[in-house]
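*Asks:* Handing over work-v3.pdb, PDB, C-alpha atoms.
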ATOM      1  CA  MET A  27     -36.107 -24.631  29.189
ATOM      2  CA  ASN A  28     -34.394 -23.694  25.943
ATOM      3  CA  LYS A  29     -30.795 -23.776  24.915
ATOM      4  CA  GLN A  30     -29.281 -21.086  22.751
ATOM      5  CA  ASN A  31     -25.844 -20.833  21.184
ATOM      6  CA  LEU A  32     -23.428 -18.034  21.854
ATOM      7  CA  PHE A  33     -21.733 -18.381  18.465
ATOM      8  CA  ALA A  34     -25.012 -18.322  16.534
ATOM      9  CA  SER A  35     -26.854 -15.415  14.968
ATOM     10  CA  LEU A  36     -23.918 -13.066  14.692
ATOM     11  CA  PRO A  37     -25.261  -9.693  13.583
ATOM     12  CA  ALA A  38     -24.771  -8.870   9.903
ATOM     13  CA  ASP A  39     -24.506  -5.163  10.567
ATOM     14  CA  LEU A  40     -21.468  -4.383  12.673
ATOM     15  CA  THR A  41     -21.336  -0.660  12.018
ATOM     16  CA  HIS A  42     -21.568  -0.409  15.783
ATOM     17  CA  GLU A  43     -20.663  -2.916  18.469
ATOM     18  CA  VAL A  44     -23.636  -5.107  19.349
ATOM     19  CA  PHE A  45     -24.577  -5.781  22.993
ATOM     20  CA  GLU A  46     -27.156  -8.473  23.744
ATOM     21  CA  GLN A  47     -28.339  -9.759  27.092
ATOM     22  CA  VAL A  48     -28.083 -13.549  27.231
ATOM     23  CA  GLY A  49     -29.049 -14.072  30.854
ATOM     24  CA  GLY A  50     -29.180 -12.513  34.267
ATOM     25  CA  SER A  51     -31.421 -10.756  36.735
ATOM     26  CA  ASP A  52     -32.066  -7.289  38.153
ATOM     27  CA  THR A  53     -28.580  -7.213  39.636
ATOM     28  CA  VAL A  54     -26.495  -9.399  37.351
ATOM     29  CA  LEU A  55     -26.186  -8.830  33.622
ATOM     30  CA  ILE A  56     -24.818 -11.567  31.401
ATOM     31  CA  GLU A  57     -24.204 -10.263  27.909
ATOM     32  CA  ARG A  58     -22.649 -11.105  24.589
ATOM     33  CA  ILE A  59     -20.713  -8.361  22.870
ATOM     34  CA  VAL A  60     -19.777  -8.546  19.208
ATOM     35  CA  SER A  61     -16.973  -6.243  18.054
ATOM     36  CA  LYS A  62     -15.121  -5.934  14.776
ATOM     37  CA  ALA A  63     -12.352  -3.361  14.719
ATOM     38  CA  HIS A  64     -14.229  -1.366  17.371
ATOM     39  CA  VAL A  65     -12.331   0.362  20.137
ATOM     40  CA  THR A  66     -13.324   2.596  23.028
ATOM     41  CA  PRO A  67     -13.032   6.177  21.713
ATOM     42  CA  LYS A  68      -9.644   7.721  22.414
ATOM     43  CA  GLY A  69      -9.359   9.266  25.872
ATOM     44  CA  GLN A  70     -12.530   7.508  27.080
ATOM     45  CA  TRP A  71     -12.465   4.943  29.864
ATOM     46  CA  TYR A  72     -15.052   2.595  31.294
ATOM     47  CA  ASP A  73     -15.515   3.377  34.992
ATOM     48  CA  GLN A  74     -18.251   1.019  36.121
ATOM     49  CA  ASP A  75     -20.211   0.634  39.351
ATOM     50  CA  ARG A  76     -20.179  -3.138  39.089
ATOM     51  CA  ASN A  77     -17.446  -5.719  38.674
ATOM     52  CA  GLU A  78     -17.083  -7.134  35.188
ATOM     53  CA  TRP A  79     -15.836 -10.594  34.383
ATOM     54  CA  VAL A  80     -15.052 -10.782  30.701
ATOM     55  CA  MET A  81     -13.839 -13.541  28.365
ATOM     56  CA  VAL A  82     -13.012 -13.631  24.657
ATOM     57  CA  LEU A  83     -14.742 -16.521  22.868
ATOM     58  CA  LYS A  84     -13.766 -15.725  19.278
ATOM     59  CA  GLY A  85     -11.395 -13.255  17.678
ATOM     60  CA  GLU A  86      -8.974 -11.225  19.779
ATOM     61  CA  ALA A  87      -8.736  -7.907  21.521
ATOM     62  CA  LYS A  88      -6.590  -5.676  23.668
ATOM     63  CA  LEU A  89      -7.760  -4.339  26.999
ATOM     64  CA  GLN A  90      -6.020  -1.343  28.392
ATOM     65  CA  PHE A  91      -5.763  -0.383  32.053
ATOM     66  CA  GLU A  92      -4.206   2.770  33.407
ATOM     67  CA  ASP A  93      -0.410   2.973  33.486
ATOM     68  CA  VAL A  94       0.273  -0.498  32.123
ATOM     69  CA  GLU A  95       0.755  -2.108  28.724
ATOM     70  CA  PRO A  96      -2.465  -3.286  27.039
ATOM     71  CA  ILE A  97      -3.379  -6.913  27.719
ATOM     72  CA  HIS A  98      -3.783  -9.035  24.601
ATOM     73  CA  LEU A  99      -6.767 -11.358  24.960
ATOM     74  CA  LYS A 100      -7.199 -14.417  22.753
ATOM     75  CA  VAL A 101      -9.784 -17.189  22.744
ATOM     76  CA  GLY A 102     -10.453 -18.424  26.267
ATOM     77  CA  ASP A 103      -8.648 -15.563  27.974
ATOM     78  CA  TYR A 104     -10.621 -13.959  30.780
ATOM     79  CA  ILE A 105     -10.108 -11.218  33.278
ATOM     80  CA  ASP A 106     -12.072 -10.140  36.347
ATOM     81  CA  ILE A 107     -12.263  -6.337  36.447
ATOM     82  CA  PRO A 108     -13.192  -4.805  39.811
ATOM     83  CA  ALA A 109     -15.776  -2.021  39.928
ATOM     84  CA  HIS A 110     -14.270   1.386  39.181
ATOM     85  CA  CYS A 111     -11.099  -0.086  37.741
ATOM     86  CA  LYS A 112     -10.760   2.090  34.666
ATOM     87  CA  HIS A 113     -10.274   0.263  31.412
ATOM     88  CA  ARG A 114     -10.773   0.640  27.697
ATOM     89  CA  VAL A 115     -10.724  -1.568  24.645
ATOM     90  CA  SER A 116      -7.713  -0.382  22.672
ATOM     91  CA  TRP A 117      -7.979  -2.869  19.789
ATOM     92  CA  THR A 118     -10.202  -5.603  18.376
ATOM     93  CA  SER A 119      -9.468  -7.732  15.332
ATOM     94  CA  GLU A 120     -10.332  -6.289  11.926
ATOM     95  CA  GLU A 121     -10.239  -9.806  10.406
ATOM     96  CA  THR A 122     -13.055 -11.488  12.249
ATOM     97  CA  GLU A 123     -15.719 -10.786  14.809
ATOM     98  CA  THR A 124     -14.542 -10.676  18.385
ATOM     99  CA  LEU A 125     -17.086 -12.329  20.644
ATOM    100  CA  TRP A 126     -17.045 -11.410  24.311
ATOM    101  CA  LEU A 127     -18.951 -12.889  27.191
ATOM    102  CA  ALA A 128     -19.319 -10.265  29.912
ATOM    103  CA  ILE A 129     -20.793 -10.677  33.371
ATOM    104  CA  HIS A 130     -21.598  -7.456  35.195
ATOM    105  CA  TYR A 131     -22.107  -8.221  38.864
TER     106      TYR A 131
ATOM    107  CA  MET B 118      -4.712  -7.129  36.419
ATOM    108  CA  ASN B 119      -3.975 -10.607  35.110
ATOM    109  CA  LYS B 120      -5.528 -12.630  32.367
ATOM    110  CA  GLN B 121      -6.052 -16.343  32.683
ATOM    111  CA  ASN B 122      -7.272 -18.876  30.147
ATOM    112  CA  LEU B 123     -10.312 -21.041  30.629
ATOM    113  CA  PHE B 124      -8.951 -23.818  28.405
ATOM    114  CA  ALA B 125      -5.598 -23.956  30.197
ATOM    115  CA  SER B 126      -4.456 -26.143  33.082
ATOM    116  CA  LEU B 127      -7.023 -28.876  32.651
ATOM    117  CA  PRO B 128      -6.701 -31.209  35.630
ATOM    118  CA  ALA B 129      -4.837 -34.452  34.950
ATOM    119  CA  ASP B 130      -6.858 -36.377  37.513
ATOM    120  CA  LEU B 131     -10.508 -36.522  36.518
ATOM    121  CA  THR B 132     -11.554 -39.299  38.855
ATOM    122  CA  HIS B 133     -14.037 -36.753  40.125
ATOM    123  CA  GLU B 134     -15.475 -33.692  38.430
ATOM    124  CA  VAL B 135     -13.352 -30.622  39.138
ATOM    125  CA  PHE B 136     -14.959 -27.334  40.212
ATOM    126  CA  GLU B 137     -12.813 -24.178  40.260
ATOM    127  CA  GLN B 138     -13.837 -20.620  41.009
ATOM    128  CA  VAL B 139     -12.666 -18.296  38.222
ATOM    129  CA  GLY B 140     -14.308 -15.100  39.409
ATOM    130  CA  GLY B 141     -17.128 -13.646  41.410
ATOM    131  CA  SER B 142     -18.019 -12.156  44.767
ATOM    132  CA  ASP B 143     -19.866 -13.052  47.964
ATOM    133  CA  THR B 144     -23.108 -13.370  46.046
ATOM    134  CA  VAL B 145     -22.077 -14.404  42.545
ATOM    135  CA  LEU B 146     -19.964 -17.464  41.813
ATOM    136  CA  ILE B 147     -18.290 -17.849  38.429
ATOM    137  CA  GLU B 148     -16.822 -21.299  38.059
ATOM    138  CA  ARG B 149     -15.244 -23.671  35.599
ATOM    139  CA  ILE B 150     -16.348 -27.272  35.778
ATOM    140  CA  VAL B 151     -14.403 -30.062  34.097
ATOM    141  CA  SER B 152     -16.261 -33.324  33.531
ATOM    142  CA  LYS B 153     -15.340 -36.493  31.677
ATOM    143  CA  ALA B 154     -18.038 -39.147  31.588
ATOM    144  CA  HIS B 155     -19.395 -37.841  34.887
ATOM    145  CA  VAL B 156     -23.119 -37.675  35.506
ATOM    146  CA  THR B 157     -25.272 -36.685  38.438
ATOM    147  CA  PRO B 158     -25.924 -39.887  40.394
ATOM    148  CA  LYS B 159     -29.143 -41.625  39.359
ATOM    149  CA  GLY B 160     -32.208 -40.272  41.103
ATOM    150  CA  GLN B 161     -30.369 -37.174  42.319
ATOM    151  CA  TRP B 162     -31.304 -33.678  41.187
ATOM    152  CA  TYR B 163     -29.731 -30.280  41.663
ATOM    153  CA  ASP B 164     -32.244 -28.026  43.439
ATOM    154  CA  GLN B 165     -30.395 -24.740  43.911
ATOM    155  CA  ASP B 166     -31.194 -21.534  45.770
ATOM    156  CA  ARG B 167     -29.602 -19.418  43.050
ATOM    157  CA  ASN B 168     -30.090 -19.143  39.314
ATOM    158  CA  GLU B 169     -27.434 -20.844  37.235
ATOM    159  CA  TRP B 170     -26.374 -19.747  33.775
ATOM    160  CA  VAL B 171     -24.325 -22.492  32.202
ATOM    161  CA  MET B 172     -22.473 -22.871  28.895
ATOM    162  CA  VAL B 173     -20.464 -25.700  27.356
ATOM    163  CA  LEU B 174     -17.060 -24.511  26.070
ATOM    164  CA  LYS B 175     -15.562 -27.865  25.068
ATOM    165  CA  GLY B 176     -16.917 -31.388  24.777
ATOM    166  CA  GLU B 177     -20.628 -32.083  25.085
ATOM    167  CA  ALA B 178     -23.214 -32.997  27.668
ATOM    168  CA  LYS B 179     -26.875 -33.685  28.306
ATOM    169  CA  LEU B 180     -28.863 -31.760  30.864
ATOM    170  CA  GLN B 181     -32.051 -33.276  32.114
ATOM    171  CA  PHE B 182     -35.035 -31.421  33.508
ATOM    172  CA  GLU B 183     -38.124 -33.010  34.984
ATOM    173  CA  ASP B 184     -40.674 -34.495  32.589
ATOM    174  CA  VAL B 185     -38.874 -33.573  29.372
ATOM    175  CA  GLU B 186     -36.281 -35.134  27.086
ATOM    176  CA  PRO B 187     -32.660 -34.365  28.020
ATOM    177  CA  ILE B 188     -31.188 -31.326  26.273
ATOM    178  CA  HIS B 189     -28.021 -32.036  24.299
ATOM    179  CA  LEU B 190     -25.496 -29.235  24.787
ATOM    180  CA  LYS B 191     -22.578 -28.731  22.409
ATOM    181  CA  VAL B 192     -19.881 -26.062  22.224
ATOM    182  CA  GLY B 193     -21.372 -22.612  22.693
ATOM    183  CA  ASP B 194     -24.758 -23.856  23.881
ATOM    184  CA  TYR B 195     -25.994 -22.153  27.018
ATOM    185  CA  ILE B 196     -29.035 -22.287  29.202
ATOM    186  CA  ASP B 197     -30.260 -20.090  32.038
ATOM    187  CA  ILE B 198     -31.639 -22.276  34.826
ATOM    188  CA  PRO B 199     -33.905 -20.529  37.353
ATOM    189  CA  ALA B 200     -33.390 -21.180  41.063
ATOM    190  CA  HIS B 201     -35.122 -24.360  42.239
ATOM    191  CA  CYS B 202     -35.606 -25.641  38.720
ATOM    192  CA  LYS B 203     -34.574 -29.225  39.249
ATOM    193  CA  HIS B 204     -31.987 -30.561  36.851
ATOM    194  CA  ARG B 205     -29.300 -33.176  36.524
ATOM    195  CA  VAL B 206     -26.443 -33.968  34.180
ATOM    196  CA  SER B 207     -27.464 -37.199  32.491
ATOM    197  CA  TRP B 208     -24.423 -37.565  30.229
ATOM    198  CA  THR B 209     -21.033 -36.047  29.464
ATOM    199  CA  SER B 210     -18.640 -37.131  26.744
ATOM    200  CA  GLU B 211     -16.330 -40.057  27.488
ATOM    201  CA  GLU B 212     -14.042 -39.007  24.594
ATOM    202  CA  THR B 213     -12.870 -35.629  25.784
ATOM    203  CA  GLU B 214     -13.167 -33.279  28.712
ATOM    204  CA  THR B 215     -16.374 -31.304  28.886
ATOM    205  CA  LEU B 216     -15.647 -27.762  30.013
ATOM    206  CA  TRP B 217     -18.503 -25.778  31.535
ATOM    207  CA  LEU B 218     -18.673 -22.167  32.508
ATOM    208  CA  ALA B 219     -21.276 -21.743  35.255
ATOM    209  CA  ILE B 220     -22.511 -18.541  36.817
ATOM    210  CA  HIS B 221     -24.445 -18.943  40.060
ATOM    211  CA  TYR B 222     -26.296 -15.720  40.773
TER     212      TYR B 222
END
What would the structure in this file look like if it were written as structure tokens?
*Replies:*
Amino acid sequence: MNKQNLFASLPADLTHEVFEQVGGSDTVLIERIVSKAHVTPKGQWYDQDRNEWVMVLKGEAKLQFEDVEPIHLKVGDYIDIPAHCKHRVSWTSEETETLWLAIHY
Amino acid sequence: MNKQNLFASLPADLTHEVFEQVGGSDTVLIERIVSKAHVTPKGQWYDQDRNEWVMVLKGEAKLQFEDVEPIHLKVGDYIDIPAHCKHRVSWTSEETETLWLAIHY
């Protein structure tokens, strides 16, 4: 039984967003996402088969859903996104890494 | 689509530990646990049918597994506990609330 730390070992190279599995099973994926100024490419939307519960642990970001203003997420903010609810990341901080915890279930 | 904050609305009455569902489905439970000096009663162990991924978001705690030294968890530390892996909370901070995020899956 080993502990690990979600704030540790941030990747040095953030040319691309970094997705790392930190737990889970065949059906549930628990992952850490590290972003820095990354956004979902314009006109693209996530349309996922599973629900996604997502929380910001460091930094800040904006999540966009169809036909509403983007939602500004700061540390501790979380949102439970139902499967097939289209969304995109419209902004992440350029100043610091934005650390997400995402649970796909 | 609404955001909520995991650090907000900490319960005033912490006579008992407080468990609140913050997301999930029929099969996956995502919950916030708020402890302050609470421990699992002596001699009692959690022996769960599901896996539990758990992270400390505030405060600190010690998790005990059979036949090993307790594991000291601080902010950001997480551990993925397989189903039926017996464990107990042997200590949580008396100074401040300990906030856990637990995913039962």
*Asks:* Taking all atoms of region 181-189 of chain B that appear in the file, build a box with edges along x, y and z, extend it by 4 Å on every side, and state its centre and edge lengths in Å to one decimal, as JSON.
*Replies:*
{"center_x": -34.3, "center_y": -33.2, "center_z": 29.6, "size_x": 20.7, "size_y": 11.8, "size_z": 18.7}
*Asks:* Measure the distance from CA of Lys100 (chain A) to CA of Phe124 (chain B) in Å and round it to one decimal.
*Replies:*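 A separation of 11.1 Å between them.
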*Asks:* For a quick check of understanding, using only C-alpha atoms, which of B:Gly160, B:Gly176, B:Gly140, B:Pro128 has the smallest distance to chain A?
*Replies:*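 Among the listed residues, B:Gly140 lies closest to chain A.
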*Asks:* Show which residues sit within 7 Å of Lys62 (chain A), as a compact mmCIF listing (two decimals) with C-alpha atoms, in the coordinates of the input. Count only C-alpha atoms, and ignore same-chain residues fewer than 2 positions away.
*Replies:*
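Below is the file result.txt, written as the result:
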# COMPACT_ATOMS: atom_id res chain seq x y z
CA LEU A 40 -21.47 -4.38 12.67
CA VAL A 60 -19.78 -8.55 19.21
CA HIS A 64 -14.23 -1.37 17.37
CA THR A 118 -10.20 -5.60 18.38
CA SER A 119 -9.47 -7.73 15.33
CA GLU A 120 -10.33 -6.29 11.93
CA THR A 122 -13.06 -11.49 12.25
CA GLU A 123 -15.72 -10.79 14.81
CA THR A 124 -14.54 -10.68 18.39
*Asks:* What's around region 50-54 of chain A at 10 Å? Count all atoms listed in the file, leave out sequence neighbours fewer than 5 positions away in its own chain, and write the answer as a list in words.
*Replies:*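 My list of contacting residues is Arg76, Asn77, Glu78, Ile129, His130 and Tyr131 of chain A; Val145, Asn168, Glu169, Trp170, Asp197, Pro199, Ile220, His221 and Tyr222 of chain B.
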*Asks:* Let's have chain A fitted on chain B; use all the C-alpha atoms paired in order for the least-squares step and return it as a PDB file with C-alpha atoms, keeping the file's coordinate frame.
*Replies:*
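Printed below is part26.pdb as written:
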ATOM      1  CA  MET A  27      -4.731  -7.131  36.424  1.00  0.00           C
ATOM      2  CA  ASN A  28      -3.979 -10.605  35.115  1.00  0.00           C
ATOM      3  CA  LYS A  29      -5.539 -12.622  32.373  1.00  0.00           C
ATOM      4  CA  GLN A  30      -6.050 -16.344  32.685  1.00  0.00           C
ATOM      5  CA  ASN A  31      -7.269 -18.880  30.152  1.00  0.00           C
ATOM      6  CA  LEU A  32     -10.307 -21.039  30.632  1.00  0.00           C
ATOM      7  CA  PHE A  33      -8.965 -23.819  28.407  1.00  0.00           C
ATOM      8  CA  ALA A  34      -5.602 -23.964  30.183  1.00  0.00           C
ATOM      9  CA  SER A  35      -4.468 -26.141  33.059  1.00  0.00           C
ATOM     10  CA  LEU A  36      -7.029 -28.877  32.641  1.00  0.00           C
ATOM     11  CA  PRO A  37      -6.696 -31.210  35.617  1.00  0.00           C
ATOM     12  CA  ALA A  38      -4.832 -34.456  34.946  1.00  0.00           C
ATOM     13  CA  ASP A  39      -6.842 -36.366  37.508  1.00  0.00           C
ATOM     14  CA  LEU A  40     -10.485 -36.523  36.521  1.00  0.00           C
ATOM     15  CA  THR A  41     -11.527 -39.310  38.857  1.00  0.00           C
ATOM     16  CA  HIS A  42     -14.015 -36.761  40.120  1.00  0.00           C
ATOM     17  CA  GLU A  43     -15.461 -33.698  38.433  1.00  0.00           C
ATOM     18  CA  VAL A  44     -13.344 -30.625  39.135  1.00  0.00           C
ATOM     19  CA  PHE A  45     -14.953 -27.326  40.205  1.00  0.00           C
ATOM     20  CA  GLU A  46     -12.811 -24.185  40.261  1.00  0.00           C
ATOM     21  CA  GLN A  47     -13.837 -20.625  40.995  1.00  0.00           C
ATOM     22  CA  VAL A  48     -12.669 -18.301  38.223  1.00  0.00           C
ATOM     23  CA  GLY A  49     -14.305 -15.100  39.409  1.00  0.00           C
ATOM     24  CA  GLY A  50     -17.112 -13.635  41.427  1.00  0.00           C
ATOM     25  CA  SER A  51     -18.016 -12.154  44.772  1.00  0.00           C
ATOM     26  CA  ASP A  52     -19.867 -13.051  47.968  1.00  0.00           C
ATOM     27  CA  THR A  53     -23.110 -13.378  46.035  1.00  0.00           C
ATOM     28  CA  VAL A  54     -22.069 -14.410  42.542  1.00  0.00           C
ATOM     29  CA  LEU A  55     -19.961 -17.466  41.805  1.00  0.00           C
ATOM     30  CA  ILE A  56     -18.301 -17.846  38.429  1.00  0.00           C
ATOM     31  CA  GLU A  57     -16.824 -21.303  38.056  1.00  0.00           C
ATOM     32  CA  ARG A  58     -15.253 -23.679  35.599  1.00  0.00           C
ATOM     33  CA  ILE A  59     -16.353 -27.283  35.773  1.00  0.00           C
ATOM     34  CA  VAL A  60     -14.405 -30.066  34.105  1.00  0.00           C
ATOM     35  CA  SER A  61     -16.272 -33.334  33.527  1.00  0.00           C
ATOM     36  CA  LYS A  62     -15.351 -36.498  31.679  1.00  0.00           C
ATOM     37  CA  ALA A  63     -18.037 -39.156  31.584  1.00  0.00           C
ATOM     38  CA  HIS A  64     -19.386 -37.830  34.894  1.00  0.00           C
ATOM     39  CA  VAL A  65     -23.108 -37.681  35.499  1.00  0.00           C
ATOM     40  CA  THR A  66     -25.269 -36.668  38.438  1.00  0.00           C
ATOM     41  CA  PRO A  67     -25.913 -39.887  40.404  1.00  0.00           C
ATOM     42  CA  LYS A  68     -29.117 -41.620  39.363  1.00  0.00           C
ATOM     43  CA  GLY A  69     -32.213 -40.271  41.101  1.00  0.00           C
ATOM     44  CA  GLN A  70     -30.355 -37.162  42.319  1.00  0.00           C
ATOM     45  CA  TRP A  71     -31.312 -33.680  41.183  1.00  0.00           C
ATOM     46  CA  TYR A  72     -29.752 -30.274  41.652  1.00  0.00           C
ATOM     47  CA  ASP A  73     -32.249 -28.009  43.424  1.00  0.00           C
ATOM     48  CA  GLN A  74     -30.388 -24.751  43.912  1.00  0.00           C
ATOM     49  CA  ASP A  75     -31.180 -21.533  45.768  1.00  0.00           C
ATOM     50  CA  ARG A  76     -29.605 -19.415  43.060  1.00  0.00           C
ATOM     51  CA  ASN A  77     -30.089 -19.149  39.318  1.00  0.00           C
ATOM     52  CA  GLU A  78     -27.434 -20.841  37.227  1.00  0.00           C
ATOM     53  CA  TRP A  79     -26.382 -19.748  33.781  1.00  0.00           C
ATOM     54  CA  VAL A  80     -24.323 -22.486  32.209  1.00  0.00           C
ATOM     55  CA  MET A  81     -22.478 -22.874  28.894  1.00  0.00           C
ATOM     56  CA  VAL A  82     -20.466 -25.707  27.355  1.00  0.00           C
ATOM     57  CA  LEU A  83     -17.074 -24.528  26.071  1.00  0.00           C
ATOM     58  CA  LYS A  84     -15.569 -27.877  25.076  1.00  0.00           C
ATOM     59  CA  GLY A  85     -16.922 -31.395  24.795  1.00  0.00           C
ATOM     60  CA  GLU A  86     -20.641 -32.089  25.092  1.00  0.00           C
ATOM     61  CA  ALA A  87     -23.215 -33.002  27.669  1.00  0.00           C
ATOM     62  CA  LYS A  88     -26.866 -33.685  28.302  1.00  0.00           C
ATOM     63  CA  LEU A  89     -28.874 -31.750  30.847  1.00  0.00           C
ATOM     64  CA  GLN A  90     -32.046 -33.273  32.099  1.00  0.00           C
ATOM     65  CA  PHE A  91     -35.041 -31.414  33.500  1.00  0.00           C
ATOM     66  CA  GLU A  92     -38.129 -32.991  34.975  1.00  0.00           C
ATOM     67  CA  ASP A  93     -40.668 -34.488  32.573  1.00  0.00           C
ATOM     68  CA  VAL A  94     -38.877 -33.564  29.362  1.00  0.00           C
ATOM     69  CA  GLU A  95     -36.282 -35.120  27.076  1.00  0.00           C
ATOM     70  CA  PRO A  96     -32.658 -34.358  28.014  1.00  0.00           C
ATOM     71  CA  ILE A  97     -31.174 -31.319  26.279  1.00  0.00           C
ATOM     72  CA  HIS A  98     -28.014 -32.033  24.304  1.00  0.00           C
ATOM     73  CA  LEU A  99     -25.489 -29.238  24.793  1.00  0.00           C
ATOM     74  CA  LYS A 100     -22.575 -28.734  22.413  1.00  0.00           C
ATOM     75  CA  VAL A 101     -19.886 -26.069  22.229  1.00  0.00           C
ATOM     76  CA  GLY A 102     -21.376 -22.612  22.695  1.00  0.00           C
ATOM     77  CA  ASP A 103     -24.749 -23.858  23.888  1.00  0.00           C
ATOM     78  CA  TYR A 104     -25.994 -22.150  27.029  1.00  0.00           C
ATOM     79  CA  ILE A 105     -29.037 -22.287  29.207  1.00  0.00           C
ATOM     80  CA  ASP A 106     -30.267 -20.077  32.042  1.00  0.00           C
ATOM     81  CA  ILE A 107     -31.643 -22.267  34.838  1.00  0.00           C
ATOM     82  CA  PRO A 108     -33.901 -20.519  37.364  1.00  0.00           C
ATOM     83  CA  ALA A 109     -33.386 -21.172  41.072  1.00  0.00           C
ATOM     84  CA  HIS A 110     -35.119 -24.346  42.237  1.00  0.00           C
ATOM     85  CA  CYS A 111     -35.606 -25.637  38.717  1.00  0.00           C
ATOM     86  CA  LYS A 112     -34.563 -29.235  39.239  1.00  0.00           C
ATOM     87  CA  HIS A 113     -31.988 -30.559  36.835  1.00  0.00           C
ATOM     88  CA  ARG A 114     -29.305 -33.184  36.513  1.00  0.00           C
ATOM     89  CA  VAL A 115     -26.446 -33.970  34.190  1.00  0.00           C
ATOM     90  CA  SER A 116     -27.471 -37.200  32.493  1.00  0.00           C
ATOM     91  CA  TRP A 117     -24.421 -37.579  30.230  1.00  0.00           C
ATOM     92  CA  THR A 118     -21.028 -36.049  29.481  1.00  0.00           C
ATOM     93  CA  SER A 119     -18.638 -37.135  26.752  1.00  0.00           C
ATOM     94  CA  GLU A 120     -16.333 -40.061  27.494  1.00  0.00           C
ATOM     95  CA  GLU A 121     -14.044 -38.997  24.610  1.00  0.00           C
ATOM     96  CA  THR A 122     -12.868 -35.626  25.799  1.00  0.00           C
ATOM     97  CA  GLU A 123     -13.169 -33.276  28.720  1.00  0.00           C
ATOM     98  CA  THR A 124     -16.372 -31.301  28.887  1.00  0.00           C
ATOM     99  CA  LEU A 125     -15.661 -27.761  30.016  1.00  0.00           C
ATOM    100  CA  TRP A 126     -18.508 -25.792  31.535  1.00  0.00           C
ATOM    101  CA  LEU A 127     -18.686 -22.167  32.507  1.00  0.00           C
ATOM    102  CA  ALA A 128     -21.276 -21.747  35.253  1.00  0.00           C
ATOM    103  CA  ILE A 129     -22.521 -18.536  36.819  1.00  0.00           C
ATOM    104  CA  HIS A 130     -24.452 -18.941  40.052  1.00  0.00           C
ATOM    105  CA  TYR A 131     -26.318 -15.731  40.773  1.00  0.00           C
TER     106      TYR A 131
END
*Asks:* Name the residues that the PyMOL selection byres ((chain B and resi 195) around 8) picks from the file above, as a list in words, using the file's chain letters and numbers.
*Replies:* Lys29, Gln30, Asn31 and Leu32 of chain A; Trp170, Val171, Met172, Val173, Leu190, Gly193, Asp194, Ile196 and Asp197 of chain B
